[in-house]
Each structure stands twice: as structure tokens, then as C-alpha cells.
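K.L.:
Input: one structure, supplied below.
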Amino acid sequence: MEVPAEPGHVVSLDKVSVHLGKRLIQSSMSFSVEEGEFLAVLGPNGAGKTTLLRLLLGLIQPSAGSISVFGLPPRRGNRQIGYVPQFRDWDTGIAIRARDVVRLGLDGHRWGPGLPSKKRESAIDEVLKEVGALDLAEASLGELSGGEQQRVLIAQALLTHPRLLLLDEPLASLDLAREAEIVGLVARLRETRKTAVLLVTHDVNPMLSKIDGVLFLANGRCAKGPTTEVITSAALSELYGAPVEVVGALGKLFVVGAPI
Amino acid sequence: MLDLLHYQFMRNALITGSIVAVLSAAVGYFIVARSLTFAAHAIPNIGFAGAAGAVLVGIFPVYGFFAFALAAAVGIGIMGTRAHERDIVVAVLMTFALGLGFLFLSLYSGYAQRVYGILFGSILGISAQNVLITGVAAAIDLVLLLAIYRPLLFCTVDPQAAAARGLPVAMLSVLFLALAALAISLSAQMMGALLVFTLLVGPAATANRLTRRPGITILIAALLGLTYVWVGIGAAALSGRLPVSFMVSALAFVVYLPVRLWARPNRNKKTGPTLNLDITTTGRDAPTEAEECSIL
Amino acid sequence: MLDLIASDLFRNAVAAGTIAAITSALVGYFVVLRAQAFAGEALTDICFAGSAGAALAGFNPLLGMLAFSLTGALGLGLLSNRARGRDVEIGMALSMATGLGVLFLSLYAHHSASHATAGMSLLFGSILSVRPEEIGLMLLCAILVIIVLGLISRPLLFATIDPVAARARGLPTLLLSVSFMLILAVAVAMCVLTIGALLALSLLVAPPAAALRVSRRPNRAIALSVLFGLAVAWGGILASFIGPWKHPPIGFSISSLGAIVYLSAYIVEKRTRSLSMRSSEHPGKEVMDEGR
């Protein structure tokens with residue numbers, strides 16, 4: 001379903017509803033994402049954050065409404081989207097290096113074993129340097145810590161020079177210091193590459209100072225806008241349909257009365 | 001010793017064994033990487049029933065073996081990755097198939113020898129025709145495996161990102177299992193249904209611990225497999241009583257054990273703090289330059 | 001035909017089958033719960049090696065089985081505390097045991113044709129040739145297993161469902177793992193004696209797995225497990241004795257019945273689950289699991 005693309009809109013949703021089986025996840029979502037916009041995607045479990053990502057990736061279809069990604073309907077394998085899936089614990093059962101994992105982002109979808117290529121190797125080196133993981137290149141995947149694996153995954157997503165970066169809970173198993181590193185990295189990438197970023201997370205505080213705005217999904221509805229407008233008691237109470245308090249303290253925001 | 005090579009059966013066994021060792025190395029790498037060790041055990045046991053049925057009906061056992069092994073492999077692939085549930089179903093079907101195979105063969109007089117042959121394998125009874133079939137089938141299997149090498153690796157390492165890239169993850173999973181079933185069927189001629197597993201998984205599991213690069217891992221696994229097979233065939237031929245499958249399993253285990261206990265691919269030495277990014281945060285504690293404590 | 005049933009052969013088979021079925025139903029319940037079917041498989045192959053070695057050396061197969069499997073169980077128990085990702089190790093140990101069994105059995109069968117046929121019983125069971133003394137030994141083992149299981153069943157259940165909390169509570173999880181493996185070894189040895197190394201897993205796993213599909217409540221599931229186990233064992237023995245066709249081997253009958261019982265339970269469970277899902281939309285249902 002085509003949507004007349006307004007120039008500069010990376011993503012545009014118009015009255016999109018999505019069901020998972022019988023369950024209505026979101027009804028009538030409408031919002032758009034600009035070029036280079038850094039948004040945190042928030043909401044309780046089951047509200048549809050991952051579902052939204054899968055919609056944009058063309059992995060599932062909306063039950064109503066229309067979506068456009070770079071002016072076209074979402075399709076699988078869109079190289080303009082870099083996708084960093086949720087962290088998983090790789091066990092040591094596979095012998096593979098970090099640089100091999102990154103390489104998959106470039107040609108993992110091509111048939112055949114692939115011939116050695118200097119150009120490709122230097123592209124991999126470059127992107128690894130960009131995420132600060134060049135010295136991890138030869139390490140085996142299972143040897144890397146959570147933060148290191150996350151960086152490798154981000155590098156993998158960057159190889160195709162995407163204009164939209166989707167990160168699904170990249171901070172989930174990281175400690176504070178690591179969280180800050182990843183957020184800083186993503187913010188820097190957005191600066192240098194002008195990539196739009198949708199970062200799904202449960203806690204907006206690690207990135208409060210970096211994001212342009214928030215996309216909040218809850219209760220089958222969504223709200224998008226600058227952080228100061230969306231994360232307020234009034235706005236969230238309206239979204240959840242129940243009293244929610246937002247408390248600001250020490251430069252952080254805390255949501256009280258609703259799961260987030 | 002070299003005069004053994006005068007015998008046709010020896011040459012056939014060596015050729016078949018070598019082909020199978022190399023194929024098993026490539027397939028085995030992915031079996032280990034995709035955590036399919038239980039399937040590598042169950043599929044040949046189910047194939048046994050097919051081989052027994054084939055004997056009853058009067059066709060080449062390897063065809064019956066492959067038919068059942070393929071069905072089992074595709075079934076496992078379709079069942080997907082809900083590991084626990086799948087394991088029980090496979091275990092139950094596997095024992096049923098074994099019982100069925102036993103039933104088939106018990107209807108045959110002099111069945112004991114047949115049963116041993118299919119279950120334990122042997123270096124005799126590999127005809128020139130077997131060698132040809134093995135060679136052609138193995139070539140097809142290898143070519144297909146090479147063709148899907150990169151996508152399969154991608155799906156193995158990172159199925160979600162692979163799906164996002166548009167790869168048919170489920171289909172590749174089933175396709176790989178089918179290729180594995182073929183490799184298993186070819187290997188079972190000599191190794192027997194009970195010990196195919198050891199040639200499939202042993203060398204790959206050992207090589208996994210010696211290097212990090214996928215291609216090199218497969219190469220090392222192939223070399224190991226070839227060694228085991230040649231030594232095994234030699235020992236079996238010389239002694240006349242030692243089953244080749246036992247020799248291969250013993251060698252595979254004896255090499256695997258020390259490697260598993262002591263070998264680790266060189267840890268990547270990180271010098272100093274790993275992050276050179278410019279992190280400016282407002283109003284937050286600056287992150288400490290903690291060394292990454294890799295836990296392993 | 002009736003005198004066949006009245007024969008000693010039949011009575012011995014039923015006695016041995018009953019003891020094995022009850023023991024394996026009880027132990028098997030935990031095997032399924034702990035997702036240790038593969039470890040059980042490894043133990044059957046270790047038993048195979050033990051019984052083949054014993055046959056070759058002239059000992060009683062049951063003793064050989066117990067010796068090997070108890071040793072193997074110790075190793076597996078120490079290993080199994082960190083169960084995830086151990087399949088390769090277990091698989092390699094399993095192949096080594098199988099390899100030894102293959103060696104022993106080959107050498108044994110080489111002797112004579114009668115040895116070759118006798119070797120079949122190691123692979124597929126010898127319930128018909130179980131002697132009264134062996135039944136006595138089996139009974140003793142069964143009582144031992146039931147006592148130990150009775151003692152550790154609650155802490156074992158706790159450690160199975162929530163290992164971290166159990167350890168925090170001070171439960172000796174390693175000791176529990178090892179003890180469980182040891183009684184599993186004994187149960188497996190009994191199954192191997194009756195229906196052979198290759199088929200033993202079906203009596204160990206199919207009845208409890210079927211019971212768990214019918215009910216999740218521990219007491220109910222355990223009782224059902226025993227019920228199914230006995231049904232499978234008796235049904236299998238009967239089918240082989242009075243079989244409508246040529247008497248199928250008992251091992252086959254039991255493993256087939258096991259498969260039928262399990263698959264029936266599986267189908268029934270899927271049906272009742274889809275019916276209940278269709279009839280009610282759970283408004284208050286936890287929205288925790290969005291389809292990821």
C-alpha cells in the first residue's frame with residue numbers, strides 16, 4: 001500500500017493497526033520519523049515495540065493502515081535498514097570470529113562460500129574501528145562480553161550504510177558504564193552518518209540527553225513527540241488510560257504507576 | 001601392509017571412507033554450530049529401520065536408510081527449535097523406528113548378521129557400485145552445502161538479523177537437515193547406524209576448539225576424519241576382528257578428550273581500555289574506563 | 001494359548017516388566033522434567049557396553065550393566081550441573097560407550113552363531129530369559145530406587161524447577177544431581193535388561209512424557225506415569241505372547257505402544273488446548289508474551 005512520501009520522511013505510518021493472532025497490539029498508529037531522527041521506543045512488554053520493528057522490516061503485515069519506509073512499502077531484506085536484534089547469549093558451540101559475524105551483514109545473504117576480497121575486509125575493518133571493536137576482530141564470539149557482542153552486532157548492521165537503524169533492547173544486559181558507551185556510540189553514528197535511529201528500550205534515562213524524542217507505545221496506542229511532551233503525567237495517563245505520574249529527579253525521569 | 005591395497009574391498013573401503021570423512025567434516029561443523037547433536041544421533045537410528053525394511057523388500061539398504069533418514073530430518077526441521085518438546089518426540093519416534101527395524105529383520109532368517117551389519121557397519125561389502133553412488137551423492141551434497149554456506153552461517157549465528165535480511169531461515173534449516181541426512185546415509189554404510197554420529201560430530205567438535213575460523217575448522221575436521229578413517233580401516237583389515245566403527249569412535253574420543261579439556265583458541269589479547277570514543281554526557285557520571293572482564 | 005500365559009516364561013516376563021515399568025515411570029518423570037533424555041540415552045549405551053563386556057568376559061550382564069552405568073552416572077552427574085550446551089560432550093561420551101559395546105559384541109558374536117543371536121538380546125532385550133534370581137535383584141534395586149527417590153523427590157523438584165532459588169535456599173544441588181543420575185542408572189539398567197539398550201529409552205521416557213501432557217500437577221502426573229508405564233509394559237508383553245500376527249518381539253511391542261501412548265496424549269493435548277483458546281479470550285491474561 002503506497003503512501004505519498006513526503007520528502008525527508010524516513011518512516012511514515014498512517015492509521016496502522018496490527019494484530020498478533022487474535023490479539024490487537026496496536027490500533028491506528030500514525031506517526032512519522034524524519035531523516036536523522038533519534039527516537040527511543042518505550043512501552044511495557046507486549047505493547048508492540050518489537051512488533052513495530054518487524055513491521056518496518058517487512059516481516060509482518062499490518063491488519064489495517066499503511067506504512068511507508070523511504071517512500072515505499074516495507075519489504076524484507078531492505079539494505080537501507082540496519083537491524084540489531086536483541087542480545088542473545090551465544091554459546092561456544094560455534095567456531096567463528098567477530099569479523100566473520102560482521103561480514104555476514106555484508107554478504108551473508110549471497111549464495112556460495114564467497115571469495116576473499118581486500119575491499120570487503122577493509123570495509124569490515126573500518127566499521128569495526130567505528131564502533132571501537134577493531135581489536136576484537138579476531139576474537140571468538142563466545143569470548144566476548146555482552147557489551148562487546150553488542151558492538152559487533154551494531155557493526156554488522158552498519159556495513160550496508162543504512163539510513164535507518166533499528167536496535168532492539170541493546171542495553172538489556174549491560175551495566176551502567178556499558179550502557180553509556182553504547183548510547184554514546186549510537187549517538188555518534190547518528191551524527192556522522194545521518195542515520196535515523198529507533199532504539200527500543202525499557203529505560204529512557206541512559207539516553208535522555210541524546211534523543212530527539214520518544215515513541216511511546218502502551219495500551220494499544222502510541223504517542224510520539226519530544227521527550228518533554230510525551231513523558232509527562234498528563235500525556236502518559238491519557239495513553240495508559242489510568243493515572244500515571246512522571247517524577248523528575250537528579251536529571252532523570254521516573255514513571256510511577258504503570259509498567260514501562 | 002601395503003599389499004592390502006591389492007584387495008578390491010580395501011580400495012573401495014578407503015575411497016568411500018575418505019569421501020565420507022570429508023563430507024562429514026563440512027556437515028559436522030554446522031551440526032555442532034546449530035546444536036543438532038541429538039538429531040545426529042536420532043537420524044541414523046531411524047534410518048536403520050529404513051535399511052531393515054529395504055533388506056526385507058530386497059533393495060539396497062542404503063536407499064531405505066536414506067528414505068527414512070530424510071523423512072526424519074525433514075520432520076525435525078519442521079518441528080523447529082522448541083528444543084525440549086522436540087527432543088522427546090524425536091526420542092520416542094527413534095525408539096519406535098529401532099523397534100520397527102528389529103521387527104523387520106526378525107522376520108528374516110539369519111537376521112542377526114544383517115542387524116549387526118547395518119548397526120555396526122563394516123569395511124567389507126562395499127561394492128564398486130556403492131563407491132560410485134557414494135561419490136556422486138557426496139559431490140552433490142558438498143556442492144549444495146557450499147552453495148548455501150554463507151546464508152546458512154548467517155542463519156546459524158544470527159537468525160533474527162538473517163530473517164530481517166530476507167533469508168528464508170526455516171527453509172534453510174530444513175534443507176541443511178536434508179543434506180545432513182544424505183551425508184549420514186552415505187557414512188552409515190561403513191560406520192553403521194550406531195556410530196555414524198562419531199565421525200560426524202567428533203572431528204568437528206575437536207576442530208572447533210583448535211581454531212576460530214569456520215573454513216579452517218572444517219579443514220582440520222576433514223583431516224582428522226581422514227586420519228581416523230584410514231587408521232580404522234587399516235586396523236580392521238589387519239586384525240580381521242576389530243570393527244572399523246569402533247576404531248573410529250575410539251580415535252575420535254581419544255583425540256577429543258584432551259582437546260576439550262585443555263585447548264582454547266588464543267584469547268584475543270586486549271591492550272588497555274577498549275573504547276576510544278568521545279563520550280560526552282551531561283549531568284551523569286562519566287563512565288569508568290573499565291577493562292572488559294571477559295568471562296570465560 | 002492359555003497355557004502359554006500360565007507358563008513360567010510369561011510370569012517371569014510380567015514380573016520383570018512390571019518392576020522395570022514402575023521404576024522407570026517414577027524416575028522417568030524427573031528425566032522428562034529435567035530435560036535429561038539425552039543423558040538417559042547416554043546411560044543406555046553405557047549399559048550396552050557394560051552388558052556386552054560382561055557377556056564377553058562371562059559375567060552376569062546385569063552386574064556388568066550396573067557397574068558401567070553407575071560409574072557413567074557419576075561422571076554425568078558431575079557434568080550435568082551446568083546442563084546447557086553439554087550435548088556435544090554427552091554425545092561424545094555416548095559414542096565412546098557405544099563403540100566399546102560394538103567392539104565387545106562383535107568379538108562375542110564372532111564366536112558362534114548362537115552367540116550372535118544371543119547378542120540380539122543385548123540390543124533389543126531379553127525379558128524372556130530373565131531368571132528368577134535376576135528378578136530378585138531387580139526387585140531389590142527397585143525398592144532402593146523408590147526409597148531414595150521418595151527421600152529426594154521434593155528437593156529434586158525444587159532444584160529442577162528453580163535451580164537458582166534452590167541453591168540460594170541452601171539445597172545441595174550437586175549432590176541432588178549426582179544422586180538422581182545414580183538412580184537413573186539403575187532404572188536404565190532395568191529397562192535395558194528387559195527391552196534392550198536400543199529400546200530402553202522408550203519405557204523410560206514415553207509414559208512419563210505422555211502423563212505430563214495430560215496433567216501438570218506432580219502427584220497426578222506421577223500416578224499417570226506409572227499407569228501408562230504399566231499399560232505399555234503389560235500390553236507389550238501380552239501382544240507378543242498372544243499376538244494376532246506372528247508373535248512380534250516384545251521390545252518392538254513395548255516401544256510401539258509407548259509411541260502410540262505418547263502420540264495420543266500429544267494429540268489430545270493439542271486438541272484441548274486449541275479448543276480452550278478458541279472459547280475464551282483472556283482479557284486479564286498476562287500481556288507479557290508478545291509474539292517476538
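Ordered as shown in the C-alpha cells, chains take letters A, B, and onward, while each chain numbers its residues from 1 and ligands are numbered from 1 in the order shown.
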List as a compact mmCIF listing (two decimals) with N, CA and C atoms, in the first residue's frame the protein and nucleic acid residues near Ala231 (chain C), meaning an atom at most 12 Å away when only C-alpha atoms are counted, but skip any in the same chain fewer than 5 places from it.

P.N.:
```
# COMPACT_ATOMS: atom_id res chain seq x y z
N VAL C 14 6.27 -60.90 32.96
CA VAL C 14 5.39 -59.91 33.58
C VAL C 14 6.04 -59.33 34.83
N GLY C 17 8.86 -57.10 33.75
CA GLY C 17 8.30 -55.92 33.08
C GLY C 17 7.65 -54.98 34.06
N THR C 18 6.93 -55.53 35.02
CA THR C 18 6.25 -54.67 35.99
C THR C 18 7.24 -53.87 36.80
N ALA C 21 8.82 -51.27 34.64
CA ALA C 21 7.89 -50.22 34.24
C ALA C 21 7.65 -49.23 35.37
N ILE C 22 7.42 -49.75 36.57
CA ILE C 22 7.13 -48.86 37.69
C ILE C 22 8.34 -47.98 37.99
N ALA C 25 8.92 -45.45 35.27
CA ALA C 25 7.90 -44.41 35.23
C ALA C 25 8.20 -43.34 36.27
N LEU C 203 10.66 -46.93 27.27
CA LEU C 203 9.96 -47.22 28.52
C LEU C 203 10.26 -46.15 29.56
N ALA C 206 8.64 -42.38 27.30
CA ALA C 206 7.32 -42.22 26.68
C ALA C 206 6.17 -42.14 27.69
N PRO C 207 6.07 -43.08 28.65
CA PRO C 207 4.94 -42.96 29.58
C PRO C 207 4.95 -41.66 30.39
N LEU C 224 -0.19 -41.02 36.81
CA LEU C 224 -0.49 -41.35 35.42
C LEU C 224 0.70 -42.01 34.75
N SER C 225 1.88 -41.50 35.11
CA SER C 225 3.09 -42.04 34.52
C SER C 225 3.20 -43.53 34.82
N VAL C 226 2.97 -43.89 36.07
CA VAL C 226 3.04 -45.31 36.44
C VAL C 226 1.96 -46.10 35.72
N GLY C 236 2.50 -54.64 25.93
CA GLY C 236 3.53 -55.13 25.04
C GLY C 236 3.77 -56.62 25.22
N ILE C 237 3.83 -57.04 26.48
CA ILE C 237 4.07 -58.46 26.73
C ILE C 237 2.92 -59.31 26.20
N LEU C 238 1.71 -58.87 26.51
CA LEU C 238 0.54 -59.61 26.02
C LEU C 238 0.53 -59.69 24.51
N ALA C 239 0.76 -58.53 23.87
CA ALA C 239 0.72 -58.50 22.41
C ALA C 239 1.71 -59.49 21.82
N SER C 253 7.00 -54.48 20.57
CA SER C 253 5.65 -54.20 21.07
C SER C 253 5.67 -53.07 22.09
N ILE C 254 6.60 -53.15 23.00
CA ILE C 254 6.63 -52.13 24.05
C ILE C 254 6.98 -50.77 23.49
N SER C 255 7.98 -50.71 22.64
CA SER C 255 8.36 -49.39 22.13
C SER C 255 7.27 -48.82 21.23
N LEU C 257 3.98 -49.44 21.55
CA LEU C 257 2.91 -49.00 22.44
C LEU C 257 3.28 -47.68 23.10
N GLY C 258 4.54 -47.58 23.51
CA GLY C 258 4.99 -46.33 24.11
C GLY C 258 4.78 -45.16 23.18
N ILE C 260 2.68 -45.00 20.68
CA ILE C 260 1.25 -44.75 20.49
C ILE C 260 0.68 -43.96 21.66
N VAL C 261 1.02 -44.40 22.87
CA VAL C 261 0.50 -43.70 24.05
C VAL C 261 0.95 -42.24 24.04
```

K.L.:
What residues in chain A have any atom no more than 12 Å from chain C when counting only C-alpha atoms, and can you write them as a PyMOL selection string?

P.N.:
chain A and resi 18-26+43-55+59-60+85-86+89-94+168+218-220+259-260

K.L.:
Which distance in Å separates CA of Phe9 (chain B) and CA of Ala40 (chain B), to one decimal?

P.N.:
27.7 Å

K.L.:
Pull out every residue of chain A sitting within 7 Å of chain B, counting only C-alpha atoms, and send them as an MDAnalysis selection string.

P.N.:
chainID A and resid 57 76:78 83:85 93:97 104 108:113 132 135:136 138:140 143:145 177 180 184 209 251

K.L.:
Restrict the selected residues to N, CA and C atoms and save them as a JSON list (two decimals), in the first residue's frame.

P.N.:
```json
[["chain", "number", "residue", "atom", "x", "y", "z"],
["A", 57, "LEU", "N", 10.48, -3.91, 9.10],
["A", 57, "LEU", "CA", 11.37, -4.80, 8.38],
["A", 57, "LEU", "C", 10.64, -5.64, 7.36],
["A", 76, "ARG", "N", 11.10, -7.16, 2.87],
["A", 76, "ARG", "CA", 12.16, -7.89, 3.55],
["A", 76, "ARG", "C", 13.48, -7.66, 2.84],
["A", 77, "GLY", "N", 14.54, -7.64, 3.62],
["A", 77, "GLY", "CA", 15.86, -7.53, 3.01],
["A", 77, "GLY", "C", 16.18, -6.15, 2.51],
["A", 78, "ASN", "N", 15.55, -5.14, 3.07],
["A", 78, "ASN", "CA", 15.85, -3.77, 2.67],
["A", 78, "ASN", "C", 17.21, -3.35, 3.21],
["A", 83, "TYR", "N", 19.52, -3.57, 11.14],
["A", 83, "TYR", "CA", 18.75, -4.15, 12.24],
["A", 83, "TYR", "C", 19.68, -4.82, 13.23],
["A", 84, "VAL", "N", 19.59, -4.41, 14.48],
["A", 84, "VAL", "CA", 20.38, -5.03, 15.53],
["A", 84, "VAL", "C", 19.42, -5.75, 16.46],
["A", 85, "PRO", "N", 19.29, -7.08, 16.29],
["A", 85, "PRO", "CA", 18.29, -7.80, 17.08],
["A", 85, "PRO", "C", 18.68, -7.86, 18.55],
["A", 93, "GLY", "N", 29.53, -23.11, 21.04],
["A", 93, "GLY", "CA", 29.46, -24.25, 20.14],
["A", 93, "GLY", "C", 29.89, -23.95, 18.73],
["A", 94, "ILE", "N", 30.13, -22.69, 18.43],
["A", 94, "ILE", "CA", 30.47, -22.41, 17.04],
["A", 94, "ILE", "C", 31.79, -21.69, 16.96],
["A", 95, "ALA", "N", 32.63, -22.18, 16.05],
["A", 95, "ALA", "CA", 33.92, -21.53, 15.86],
["A", 95, "ALA", "C", 33.74, -20.45, 14.82],
["A", 96, "ILE", "N", 33.74, -19.21, 15.25],
["A", 96, "ILE", "CA", 33.60, -18.10, 14.30],
["A", 96, "ILE", "C", 34.12, -16.84, 14.95],
["A", 97, "ARG", "N", 34.75, -16.00, 14.14],
["A", 97, "ARG", "CA", 35.35, -14.79, 14.71],
["A", 97, "ARG", "C", 34.39, -13.62, 14.62],
["A", 104, "LEU", "N", 28.94, -11.06, 7.77],
["A", 104, "LEU", "CA", 27.65, -11.59, 7.36],
["A", 104, "LEU", "C", 26.68, -10.47, 7.03],
["A", 108, "GLY", "N", 26.17, -12.01, 3.78],
["A", 108, "GLY", "CA", 25.65, -13.24, 4.35],
["A", 108, "GLY", "C", 24.45, -13.79, 3.60],
["A", 109, "HIS", "N", 23.91, -12.97, 2.72],
["A", 109, "HIS", "CA", 22.72, -13.42, 2.00],
["A", 109, "HIS", "C", 23.08, -13.90, 0.62],
["A", 110, "ARG", "N", 24.35, -13.84, 0.25],
["A", 110, "ARG", "CA", 24.74, -14.29, -1.08],
["A", 110, "ARG", "C", 25.04, -15.78, -1.03],
["A", 111, "TRP", "N", 24.72, -16.45, -2.11],
["A", 111, "TRP", "CA", 24.97, -17.89, -2.15],
["A", 111, "TRP", "C", 26.46, -18.17, -2.31],
["A", 112, "GLY", "N", 26.84, -19.39, -1.99],
["A", 112, "GLY", "CA", 28.23, -19.77, -2.17],
["A", 112, "GLY", "C", 29.09, -19.36, -0.99],
["A", 113, "PRO", "N", 30.30, -19.88, -0.93],
["A", 113, "PRO", "CA", 31.16, -19.59, 0.21],
["A", 113, "PRO", "C", 31.83, -18.22, 0.12],
["A", 132, "GLY", "N", 34.58, 0.91, 17.63],
["A", 132, "GLY", "CA", 35.55, 0.71, 18.68],
["A", 132, "GLY", "C", 35.79, -0.75, 19.02],
["A", 135, "ASP", "N", 40.02, -4.21, 17.76],
["A", 135, "ASP", "CA", 40.91, -5.19, 18.39],
["A", 135, "ASP", "C", 40.17, -6.45, 18.81],
["A", 136, "LEU", "N", 38.88, -6.47, 18.62],
["A", 136, "LEU", "CA", 38.12, -7.69, 18.94],
["A", 136, "LEU", "C", 37.92, -8.54, 17.71],
["A", 138, "GLU", "N", 39.51, -10.54, 15.84],
["A", 138, "GLU", "CA", 39.91, -11.94, 15.72],
["A", 138, "GLU", "C", 39.37, -12.79, 16.84],
["A", 139, "ALA", "N", 38.69, -12.18, 17.80],
["A", 139, "ALA", "CA", 38.21, -12.95, 18.95],
["A", 139, "ALA", "C", 37.05, -13.84, 18.54],
["A", 140, "SER", "N", 36.93, -14.93, 19.25],
["A", 140, "SER", "CA", 35.79, -15.80, 19.01],
["A", 140, "SER", "C", 34.57, -15.20, 19.68],
["A", 143, "GLU", "N", 33.78, -15.56, 23.35],
["A", 143, "GLU", "CA", 34.70, -14.97, 24.31],
["A", 143, "GLU", "C", 34.36, -13.54, 24.65],
["A", 144, "LEU", "N", 33.49, -12.94, 23.87],
["A", 144, "LEU", "CA", 33.20, -11.52, 24.07],
["A", 144, "LEU", "C", 32.18, -11.31, 25.17],
["A", 145, "SER", "N", 32.30, -10.17, 25.82],
["A", 145, "SER", "CA", 31.32, -9.84, 26.85],
["A", 145, "SER", "C", 30.07, -9.27, 26.18],
["A", 177, "ALA", "N", 28.05, 1.50, 32.84],
["A", 177, "ALA", "CA", 29.14, 2.03, 32.03],
["A", 177, "ALA", "C", 28.99, 1.59, 30.58],
["A", 180, "ALA", "N", 26.22, 3.44, 28.75],
["A", 180, "ALA", "CA", 26.63, 4.77, 28.30],
["A", 180, "ALA", "C", 27.47, 4.68, 27.05],
["A", 184, "GLY", "N", 26.39, 6.34, 23.61],
["A", 184, "GLY", "CA", 27.31, 7.31, 23.01],
["A", 184, "GLY", "C", 27.67, 6.91, 21.59],
["A", 209, "SER", "N", 19.72, 12.64, 27.17],
["A", 209, "SER", "CA", 20.34, 13.83, 26.60],
["A", 209, "SER", "C", 20.63, 13.68, 25.12],
["A", 251, "GLY", "N", 18.00, 14.78, 37.29],
["A", 251, "GLY", "CA", 18.16, 14.78, 35.84],
["A", 251, "GLY", "C", 17.61, 13.55, 35.18]]
```

K.L.:
With a distance threshold of 7 Å and counting only C-alpha atoms, extract the residues of chain B near chain C and express them as an mmCIF file with C-alpha atoms, in the first residue's frame.

P.N.:
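And here is the file that came out, out.cif:
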```
data_model
loop_
_atom_site.group_PDB
_atom_site.id
_atom_site.type_symbol
_atom_site.label_atom_id
_atom_site.label_comp_id
_atom_site.auth_asym_id
_atom_site.auth_seq_id
_atom_site.Cartn_x
_atom_site.Cartn_y
_atom_site.Cartn_z
ATOM 1 C CA THR B 37 23.836 -33.339 18.159
ATOM 2 C CA HIS B 84 12.590 -29.726 24.839
ATOM 3 C CA VAL B 92 10.034 -41.631 21.169
ATOM 4 C CA LEU B 93 9.947 -41.880 17.380
ATOM 5 C CA THR B 95 12.901 -45.941 19.657
ATOM 6 C CA PHE B 96 9.819 -46.823 17.683
ATOM 7 C CA LEU B 98 14.515 -49.035 16.118
ATOM 8 C CA GLY B 99 11.866 -51.465 17.271
ATOM 9 C CA LEU B 100 10.386 -51.474 13.799
ATOM 10 C CA LEU B 103 10.771 -56.384 13.721
ATOM 11 C CA ALA B 112 21.384 -61.398 13.346
ATOM 12 C CA PHE B 120 27.789 -51.716 13.332
ATOM 13 C CA LEU B 195 28.367 -44.909 15.224
ATOM 14 C CA THR B 198 31.088 -40.173 15.964
ATOM 15 C CA GLY B 202 33.864 -35.913 16.711
ATOM 16 C CA ARG B 241 38.023 -58.686 14.012
ATOM 17 C CA LEU B 242 38.180 -55.084 15.158
ATOM 18 C CA PRO B 243 35.176 -53.250 13.770
ATOM 19 C CA SER B 245 33.388 -48.170 13.550
ATOM 20 C CA PHE B 246 34.820 -48.930 16.957
ATOM 21 C CA SER B 249 34.928 -43.837 17.613
ATOM 22 C CA ALA B 250 37.821 -44.659 19.902
ATOM 23 C CA PHE B 253 37.113 -39.773 21.537
#
```

K.L.:
What lies within 7 Å of Ile123 (chain B) using only C-alpha atoms, ignoring chain neighbours under 4 positions off, as an MDAnalysis selection string?

P.N.:
chainID B and resid 13 190 233 244

K.L.:
Would you export the selected residues with N, CA and C atoms as a compact mmCIF listing (two decimals), in the first residue's frame, please?

P.N.:
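Ended up saving to part-v3.txt:
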```
# COMPACT_ATOMS: atom_id res chain seq x y z
N ALA B 13 36.80 -49.54 0.31
CA ALA B 13 36.57 -49.01 1.65
C ALA B 13 37.32 -47.70 1.85
N MET B 190 29.54 -47.69 6.07
CA MET B 190 30.76 -48.21 6.65
C MET B 190 30.77 -48.10 8.17
N ILE B 233 40.28 -48.29 9.13
CA ILE B 233 40.16 -49.32 8.09
C ILE B 233 41.38 -50.22 8.12
N VAL B 244 35.63 -51.44 12.25
CA VAL B 244 36.17 -50.13 11.87
C VAL B 244 35.45 -49.02 12.64
```
